[in-house]
file target31.cif (mmCIF, N, CA and C atoms)
data_model
#
loop_
_atom_site.label_atom_id
_atom_site.label_comp_id
_atom_site.auth_asym_id
_atom_site.auth_seq_id
_atom_site.Cartn_x
_atom_site.Cartn_y
_atom_site.Cartn_z
N MET A 14 -13.54 -16.63 8.87
CA MET A 14 -14.06 -15.82 7.80
C MET A 14 -13.05 -14.73 7.46
N GLY A 15 -12.83 -14.46 6.17
CA GLY A 15 -11.86 -13.48 5.73
C GLY A 15 -12.43 -12.08 5.61
N HIS A 16 -11.54 -11.15 5.39
CA HIS A 16 -11.90 -9.75 5.23
C HIS A 16 -11.07 -9.19 4.08
N VAL A 17 -11.67 -8.32 3.28
CA VAL A 17 -11.00 -7.76 2.12
C VAL A 17 -11.10 -6.24 2.15
N PHE A 18 -9.99 -5.59 1.84
CA PHE A 18 -9.94 -4.14 1.68
C PHE A 18 -9.45 -3.89 0.26
N SER A 19 -10.15 -3.06 -0.49
CA SER A 19 -9.66 -2.71 -1.82
C SER A 19 -9.93 -1.23 -2.07
N GLU A 20 -9.03 -0.64 -2.86
CA GLU A 20 -9.15 0.79 -3.13
C GLU A 20 -8.38 1.12 -4.40
N GLN A 21 -8.87 2.11 -5.12
CA GLN A 21 -8.17 2.66 -6.27
C GLN A 21 -8.03 4.14 -6.02
N GLU A 22 -6.84 4.67 -6.24
CA GLU A 22 -6.62 6.07 -5.93
C GLU A 22 -5.62 6.68 -6.90
N ALA A 23 -5.92 7.90 -7.36
CA ALA A 23 -4.97 8.65 -8.18
C ALA A 23 -3.97 9.31 -7.24
N LEU A 24 -2.70 9.07 -7.47
CA LEU A 24 -1.65 9.63 -6.63
C LEU A 24 -1.18 10.97 -7.18
N SER A 25 -0.30 11.61 -6.42
CA SER A 25 0.32 12.85 -6.86
C SER A 25 1.80 12.82 -6.44
N THR A 26 2.47 13.92 -6.58
CA THR A 26 3.88 14.00 -6.20
C THR A 26 4.06 14.35 -4.73
N THR A 27 2.97 14.30 -3.97
CA THR A 27 3.01 14.47 -2.52
C THR A 27 2.75 13.11 -1.88
N ALA A 28 3.59 12.70 -0.94
CA ALA A 28 3.44 11.39 -0.29
C ALA A 28 2.11 11.30 0.44
N GLU A 29 1.47 10.14 0.34
CA GLU A 29 0.22 9.91 1.07
C GLU A 29 0.18 8.47 1.58
N ALA A 30 -0.55 8.29 2.67
CA ALA A 30 -0.65 6.98 3.30
C ALA A 30 -1.44 6.02 2.43
N VAL A 31 -0.95 4.78 2.36
CA VAL A 31 -1.70 3.74 1.66
C VAL A 31 -2.96 3.40 2.46
N PHE A 32 -2.81 3.27 3.78
CA PHE A 32 -3.93 2.98 4.68
C PHE A 32 -4.04 4.15 5.67
N PRO A 33 -4.91 5.11 5.42
CA PRO A 33 -4.99 6.27 6.30
C PRO A 33 -5.56 5.97 7.69
N THR A 34 -6.27 4.87 7.85
CA THR A 34 -6.81 4.49 9.16
C THR A 34 -6.59 3.00 9.40
N ALA A 35 -6.67 2.60 10.65
CA ALA A 35 -6.48 1.18 11.00
C ALA A 35 -7.81 0.44 10.86
N ASP A 36 -8.15 0.10 9.66
CA ASP A 36 -9.31 -0.71 9.34
C ASP A 36 -9.27 -1.99 10.20
N ILE A 37 -10.42 -2.58 10.47
CA ILE A 37 -10.48 -3.79 11.31
C ILE A 37 -9.56 -4.89 10.78
N LEU A 38 -9.44 -4.97 9.48
CA LEU A 38 -8.54 -5.96 8.88
C LEU A 38 -7.11 -5.75 9.37
N LEU A 39 -6.64 -4.52 9.35
CA LEU A 39 -5.27 -4.22 9.76
C LEU A 39 -5.07 -4.43 11.25
N ARG A 40 -6.06 -4.10 12.05
CA ARG A 40 -5.91 -4.23 13.51
C ARG A 40 -5.72 -5.68 13.94
N ASN A 41 -6.08 -6.62 13.09
CA ASN A 41 -5.95 -8.04 13.44
C ASN A 41 -4.66 -8.66 12.90
N ALA A 42 -3.81 -7.87 12.29
CA ALA A 42 -2.57 -8.41 11.72
C ALA A 42 -1.60 -8.85 12.82
N THR A 43 -1.08 -10.05 12.67
CA THR A 43 -0.07 -10.60 13.59
C THR A 43 0.91 -11.43 12.76
N PRO A 44 2.06 -11.79 13.31
CA PRO A 44 2.97 -12.67 12.57
C PRO A 44 2.31 -13.99 12.17
N ASP A 45 1.40 -14.50 12.99
CA ASP A 45 0.70 -15.75 12.67
C ASP A 45 -0.53 -15.53 11.80
N ASN A 46 -0.94 -14.28 11.64
CA ASN A 46 -2.13 -13.93 10.88
C ASN A 46 -1.84 -12.67 10.04
N PRO A 47 -0.88 -12.78 9.10
CA PRO A 47 -0.50 -11.59 8.34
C PRO A 47 -1.60 -11.16 7.37
N ILE A 48 -1.58 -9.89 7.05
CA ILE A 48 -2.47 -9.35 6.03
C ILE A 48 -1.68 -9.32 4.72
N ARG A 49 -2.20 -9.96 3.71
CA ARG A 49 -1.56 -9.99 2.39
C ARG A 49 -1.98 -8.72 1.65
N VAL A 50 -1.00 -7.95 1.19
CA VAL A 50 -1.26 -6.69 0.52
C VAL A 50 -0.61 -6.70 -0.86
N VAL A 51 -1.36 -6.24 -1.85
CA VAL A 51 -0.82 -6.05 -3.19
C VAL A 51 -1.01 -4.58 -3.55
N LEU A 52 0.10 -3.92 -3.92
CA LEU A 52 0.06 -2.56 -4.43
C LEU A 52 0.36 -2.64 -5.92
N LYS A 53 -0.57 -2.20 -6.77
CA LYS A 53 -0.37 -2.29 -8.22
C LYS A 53 -0.35 -0.89 -8.83
N ASN A 54 0.70 -0.62 -9.56
CA ASN A 54 0.81 0.62 -10.30
C ASN A 54 0.11 0.40 -11.64
N ASP A 55 -1.04 1.00 -11.81
CA ASP A 55 -1.84 0.75 -13.02
C ASP A 55 -1.53 1.74 -14.15
N ASP A 56 -0.50 2.56 -13.98
CA ASP A 56 -0.15 3.51 -15.02
C ASP A 56 0.72 2.83 -16.08
N ALA A 57 0.69 3.36 -17.29
CA ALA A 57 1.47 2.78 -18.38
C ALA A 57 2.89 3.33 -18.46
N ALA A 58 3.18 4.42 -17.73
CA ALA A 58 4.51 5.01 -17.88
C ALA A 58 5.12 5.57 -16.60
N ILE A 59 4.31 5.95 -15.62
CA ILE A 59 4.82 6.65 -14.44
C ILE A 59 5.19 5.67 -13.33
N ILE A 60 6.34 5.88 -12.70
CA ILE A 60 6.79 5.05 -11.58
C ILE A 60 6.17 5.57 -10.28
N ILE A 61 5.82 4.64 -9.39
CA ILE A 61 5.33 4.94 -8.04
C ILE A 61 6.40 4.48 -7.05
N TYR A 62 6.61 5.25 -5.99
CA TYR A 62 7.60 4.91 -4.97
C TYR A 62 6.90 4.65 -3.64
N VAL A 63 7.38 3.63 -2.92
CA VAL A 63 6.82 3.20 -1.64
C VAL A 63 7.86 3.40 -0.55
N GLY A 64 7.43 3.83 0.63
CA GLY A 64 8.35 3.99 1.75
C GLY A 64 7.65 4.57 2.97
N ALA A 65 8.42 5.24 3.82
CA ALA A 65 7.89 5.87 5.03
C ALA A 65 7.25 7.21 4.65
N SER A 66 6.79 7.95 5.63
CA SER A 66 6.08 9.20 5.37
C SER A 66 6.91 10.22 4.62
N THR A 67 8.22 10.08 4.65
CA THR A 67 9.10 11.00 3.93
C THR A 67 9.50 10.48 2.56
N VAL A 68 8.82 9.48 2.06
CA VAL A 68 9.17 8.86 0.78
C VAL A 68 9.20 9.91 -0.34
N ASP A 69 10.19 9.76 -1.21
CA ASP A 69 10.26 10.56 -2.42
C ASP A 69 10.94 9.71 -3.50
N VAL A 70 11.18 10.30 -4.65
CA VAL A 70 11.74 9.54 -5.76
C VAL A 70 13.18 9.09 -5.50
N ASN A 71 13.84 9.70 -4.53
CA ASN A 71 15.22 9.32 -4.21
C ASN A 71 15.33 8.28 -3.11
N THR A 72 14.31 8.18 -2.26
CA THR A 72 14.40 7.28 -1.10
C THR A 72 13.44 6.10 -1.16
N GLY A 73 12.46 6.13 -2.05
CA GLY A 73 11.44 5.09 -2.07
C GLY A 73 11.82 3.86 -2.86
N PHE A 74 11.06 2.80 -2.64
CA PHE A 74 11.19 1.56 -3.40
C PHE A 74 10.29 1.71 -4.63
N ALA A 75 10.85 1.58 -5.81
CA ALA A 75 10.12 1.83 -7.04
C ALA A 75 9.21 0.67 -7.43
N ILE A 76 7.98 1.03 -7.82
CA ILE A 76 7.07 0.08 -8.46
C ILE A 76 6.93 0.59 -9.90
N ALA A 77 7.50 -0.14 -10.82
CA ALA A 77 7.49 0.27 -12.23
C ALA A 77 6.07 0.35 -12.77
N ALA A 78 5.90 1.09 -13.84
CA ALA A 78 4.61 1.19 -14.50
C ALA A 78 4.10 -0.21 -14.85
N GLY A 79 2.87 -0.50 -14.45
CA GLY A 79 2.25 -1.79 -14.73
C GLY A 79 2.64 -2.91 -13.78
N ALA A 80 3.57 -2.66 -12.88
CA ALA A 80 4.05 -3.70 -11.96
C ALA A 80 3.30 -3.65 -10.63
N SER A 81 3.53 -4.66 -9.81
CA SER A 81 2.92 -4.69 -8.48
C SER A 81 3.93 -5.15 -7.44
N LEU A 82 3.60 -4.86 -6.20
CA LEU A 82 4.44 -5.23 -5.06
C LEU A 82 3.57 -5.97 -4.07
N ASN A 83 4.02 -7.14 -3.64
CA ASN A 83 3.29 -7.95 -2.64
C ASN A 83 3.97 -7.79 -1.29
N LEU A 84 3.17 -7.55 -0.26
CA LEU A 84 3.67 -7.38 1.11
C LEU A 84 2.84 -8.20 2.08
N ASP A 85 3.47 -8.58 3.19
CA ASP A 85 2.75 -9.17 4.32
C ASP A 85 2.86 -8.19 5.48
N ILE A 86 1.73 -7.74 5.99
CA ILE A 86 1.69 -6.83 7.13
C ILE A 86 1.43 -7.66 8.37
N THR A 87 2.32 -7.56 9.37
CA THR A 87 2.16 -8.37 10.58
C THR A 87 1.81 -7.53 11.81
N HIS A 88 1.71 -6.21 11.65
CA HIS A 88 1.29 -5.34 12.76
C HIS A 88 0.65 -4.11 12.15
N TRP A 89 -0.48 -3.67 12.70
CA TRP A 89 -1.24 -2.57 12.11
C TRP A 89 -0.42 -1.28 12.01
N LYS A 90 0.51 -1.05 12.93
CA LYS A 90 1.31 0.18 12.86
C LYS A 90 2.21 0.17 11.62
N ASP A 91 2.64 -1.00 11.20
CA ASP A 91 3.44 -1.09 9.98
C ASP A 91 2.63 -0.62 8.77
N ALA A 92 1.36 -0.99 8.74
CA ALA A 92 0.50 -0.58 7.63
C ALA A 92 0.30 0.93 7.62
N LEU A 93 0.15 1.53 8.79
CA LEU A 93 -0.07 2.97 8.86
C LEU A 93 1.18 3.76 8.51
N ASP A 94 2.34 3.13 8.55
CA ASP A 94 3.60 3.79 8.20
C ASP A 94 3.97 3.60 6.73
N LEU A 95 3.08 3.04 5.93
CA LEU A 95 3.34 2.76 4.52
C LEU A 95 2.79 3.89 3.65
N TYR A 96 3.68 4.57 2.92
CA TYR A 96 3.31 5.71 2.08
C TYR A 96 3.72 5.48 0.64
N VAL A 97 3.07 6.21 -0.27
CA VAL A 97 3.37 6.15 -1.69
C VAL A 97 3.42 7.55 -2.27
N VAL A 98 4.18 7.69 -3.36
CA VAL A 98 4.27 8.97 -4.05
C VAL A 98 4.52 8.69 -5.53
N ALA A 99 4.01 9.55 -6.38
CA ALA A 99 4.22 9.41 -7.82
C ALA A 99 5.46 10.17 -8.25
N ALA A 100 6.17 9.63 -9.24
CA ALA A 100 7.33 10.33 -9.79
C ALA A 100 6.87 11.60 -10.50
N SER A 101 5.68 11.57 -11.08
CA SER A 101 5.10 12.72 -11.77
C SER A 101 3.62 12.42 -12.02
N GLY A 102 2.88 13.41 -12.43
CA GLY A 102 1.49 13.20 -12.83
C GLY A 102 0.60 12.62 -11.75
N THR A 103 -0.40 11.86 -12.18
CA THR A 103 -1.38 11.27 -11.27
C THR A 103 -1.65 9.81 -11.62
N PRO A 104 -0.64 8.94 -11.45
CA PRO A 104 -0.86 7.52 -11.76
C PRO A 104 -1.87 6.89 -10.80
N GLU A 105 -2.50 5.84 -11.25
CA GLU A 105 -3.50 5.13 -10.46
C GLU A 105 -2.85 4.00 -9.66
N LEU A 106 -3.07 4.03 -8.35
CA LEU A 106 -2.62 2.95 -7.47
C LEU A 106 -3.82 2.09 -7.09
N HIS A 107 -3.67 0.80 -7.23
CA HIS A 107 -4.71 -0.14 -6.80
C HIS A 107 -4.16 -0.89 -5.59
N VAL A 108 -4.96 -0.97 -4.54
CA VAL A 108 -4.57 -1.64 -3.30
C VAL A 108 -5.56 -2.77 -3.03
N LEU A 109 -5.04 -3.94 -2.72
CA LEU A 109 -5.85 -5.08 -2.31
C LEU A 109 -5.21 -5.67 -1.06
N ALA A 110 -5.99 -5.81 0.00
CA ALA A 110 -5.50 -6.41 1.24
C ALA A 110 -6.50 -7.50 1.65
N ILE A 111 -5.97 -8.67 1.99
CA ILE A 111 -6.82 -9.80 2.37
C ILE A 111 -6.24 -10.43 3.63
N GLY A 112 -7.12 -10.73 4.57
CA GLY A 112 -6.68 -11.39 5.80
C GLY A 112 -7.85 -11.96 6.56
N ALA A 113 -7.55 -12.80 7.52
CA ALA A 113 -8.59 -13.40 8.35
C ALA A 113 -8.87 -12.49 9.54
N LEU A 114 -10.11 -12.38 9.90
CA LEU A 114 -10.46 -11.62 11.10
C LEU A 114 -10.12 -12.46 12.32
N ALA A 115 -9.74 -11.79 13.40
CA ALA A 115 -9.43 -12.49 14.64
C ALA A 115 -10.68 -13.16 15.18
N ALA A 116 -10.47 -14.26 15.86
CA ALA A 116 -11.62 -15.01 16.42
C ALA A 116 -12.22 -14.27 17.60
#

call {"tool": "encode", "arguments": {"input": "target31.cif", "output": "structure tokens"}}
result
Amino acid sequence: MGHVFSEQEALSTTAEAVFPTADILLRNATPDNPIRVVLKNDDAAIIIYVGASTVDVNTGFAIAAGASLNLDITHWKDALDLYVVAASGTPELHVLAIGALAA
């Protein structure tokens, strides 16, 4: 049986964790049982940056306005180390994570 995590959040110019806690879905992530994650920048003009807790517009991986980034999480600590920040304003980030629960 699968498990789904979804969230919509308005970002700011201060870095924040994509997954602030180790949800049961994340705790079951392994190389053989990865969690599929989609981060979608739902803004029409503002860029979102992804990276570690120190992410900023100079060090992050850019997700262009309207674009998305697909990731596979294979360990829950990797998910907790994933942060996002807005280049400006308060763009909307949509997060979808899907994975199988451990037996």

call {"tool": "closest_residue", "arguments": {"input": "target31.cif", "among": "A:Pro47, A:Thr34, A:Asn41, A:Tyr62", "to": "Ala99 (chain A)", "atoms": "all atoms listed in the file"}}
result
A:Tyr62

call {"tool": "select_by_dssp", "arguments": {"input": "target31.cif", "residues": "chain A", "states": "helix (DSSP H, G or I)", "output": "PyMOL selection string"}}
result
chain A and resi 37-40+89-93

call {"tool": "residues_around", "arguments": {"input": "target31.cif", "residues": "region 20-26 of chain A", "least_positions_apart": "6", "cutoff": "6 Å", "atoms": "only N, CA and C atoms", "output": "MDAnalysis selection string"}}
result
chainID A and resid 98:109

call {"tool": "atom_distance", "arguments": {"input": "target31.cif", "atom1": "atom C of Thr43 (chain A)", "atom2": "CA of Ala75 (chain A)"}}
result
25.5 Å

call {"tool": "residues_near_point", "arguments": {"input": "target31.cif", "point": "(0.5, -7.6, 7.3)", "cutoff": "5 Å", "atoms": "all atoms listed in the file", "output": "list in words"}}
result
Pro47, Ile48, Asp85, Ile86, Thr87 and His88 of chain A

call {"tool": "resolve_selection", "arguments": {"input": "target31.cif", "expression": "the PyMOL selection byres ((chain A and resi 39) around 7)", "output": "ChimeraX atom specification"}}
result
/A:35-38,40-42,48,88-90

call {"tool": "residues_near_point", "arguments": {"input": "target31.cif", "point": "(-1.5, -1.8, -14.4)", "cutoff": "7 Å", "atoms": "only N, CA and C atoms", "output": "number ranges by chain"}}
result
A: 53-57, 78-80

call {"tool": "atom_distance", "arguments": {"input": "target31.cif", "atom1": "CA of Phe74 (chain A)", "atom2": "CA of Ile61 (chain A)"}}
result
8.2 Å

call {"tool": "decode", "arguments": {"input": "target31.cif", "residues": "region 18-34 of chain A", "atoms": "N, CA and C atoms", "output": "short mmCIF file (atom, residue, chain, number, x, y, z; two decimals), in the first residue's frame"}}
result
data_model
loop_
_atom_site.label_atom_id
_atom_site.label_comp_id
_atom_site.auth_asym_id
_atom_site.auth_seq_id
_atom_site.Cartn_x
_atom_site.Cartn_y
_atom_site.Cartn_z
N PHE A 18 2.25 12.30 0.48
CA PHE A 18 2.40 13.55 1.23
C PHE A 18 2.24 14.67 0.22
N SER A 19 1.39 15.64 0.52
CA SER A 19 1.27 16.79 -0.37
C SER A 19 1.11 18.05 0.47
N GLU A 20 1.62 19.15 -0.07
CA GLU A 20 1.58 20.40 0.66
C GLU A 20 1.73 21.56 -0.32
N GLN A 21 1.11 22.67 0.01
CA GLN A 21 1.28 23.91 -0.73
C GLN A 21 1.71 24.95 0.29
N GLU A 22 2.73 25.72 -0.05
CA GLU A 22 3.24 26.68 0.91
C GLU A 22 3.78 27.92 0.20
N ALA A 23 3.46 29.08 0.76
CA ALA A 23 4.03 30.33 0.26
C ALA A 23 5.42 30.48 0.86
N LEU A 24 6.41 30.67 0.02
CA LEU A 24 7.79 30.81 0.47
C LEU A 24 8.13 32.27 0.72
N SER A 25 9.33 32.49 1.23
CA SER A 25 9.84 33.84 1.42
C SER A 25 11.33 33.84 1.05
N THR A 26 12.00 34.91 1.34
CA THR A 26 13.43 35.01 1.03
C THR A 26 14.29 34.44 2.16
N THR A 27 13.67 33.76 3.10
CA THR A 27 14.37 33.03 4.16
C THR A 27 14.26 31.54 3.87
N ALA A 28 15.37 30.82 3.89
CA ALA A 28 15.36 29.38 3.59
C ALA A 28 14.50 28.63 4.60
N GLU A 29 13.74 27.66 4.10
CA GLU A 29 12.94 26.82 4.98
C GLU A 29 12.94 25.37 4.48
N ALA A 30 12.76 24.46 5.40
CA ALA A 30 12.79 23.04 5.08
C ALA A 30 11.57 22.65 4.25
N VAL A 31 11.81 21.81 3.24
CA VAL A 31 10.70 21.27 2.46
C VAL A 31 9.90 20.29 3.32
N PHE A 32 10.61 19.44 4.07
CA PHE A 32 9.99 18.47 4.98
C PHE A 32 10.49 18.78 6.39
N PRO A 33 9.73 19.52 7.19
CA PRO A 33 10.21 19.89 8.52
C PRO A 33 10.29 18.73 9.51
N THR A 34 9.59 17.64 9.25
CA THR A 34 9.65 16.46 10.13
C THR A 34 9.76 15.20 9.29
#
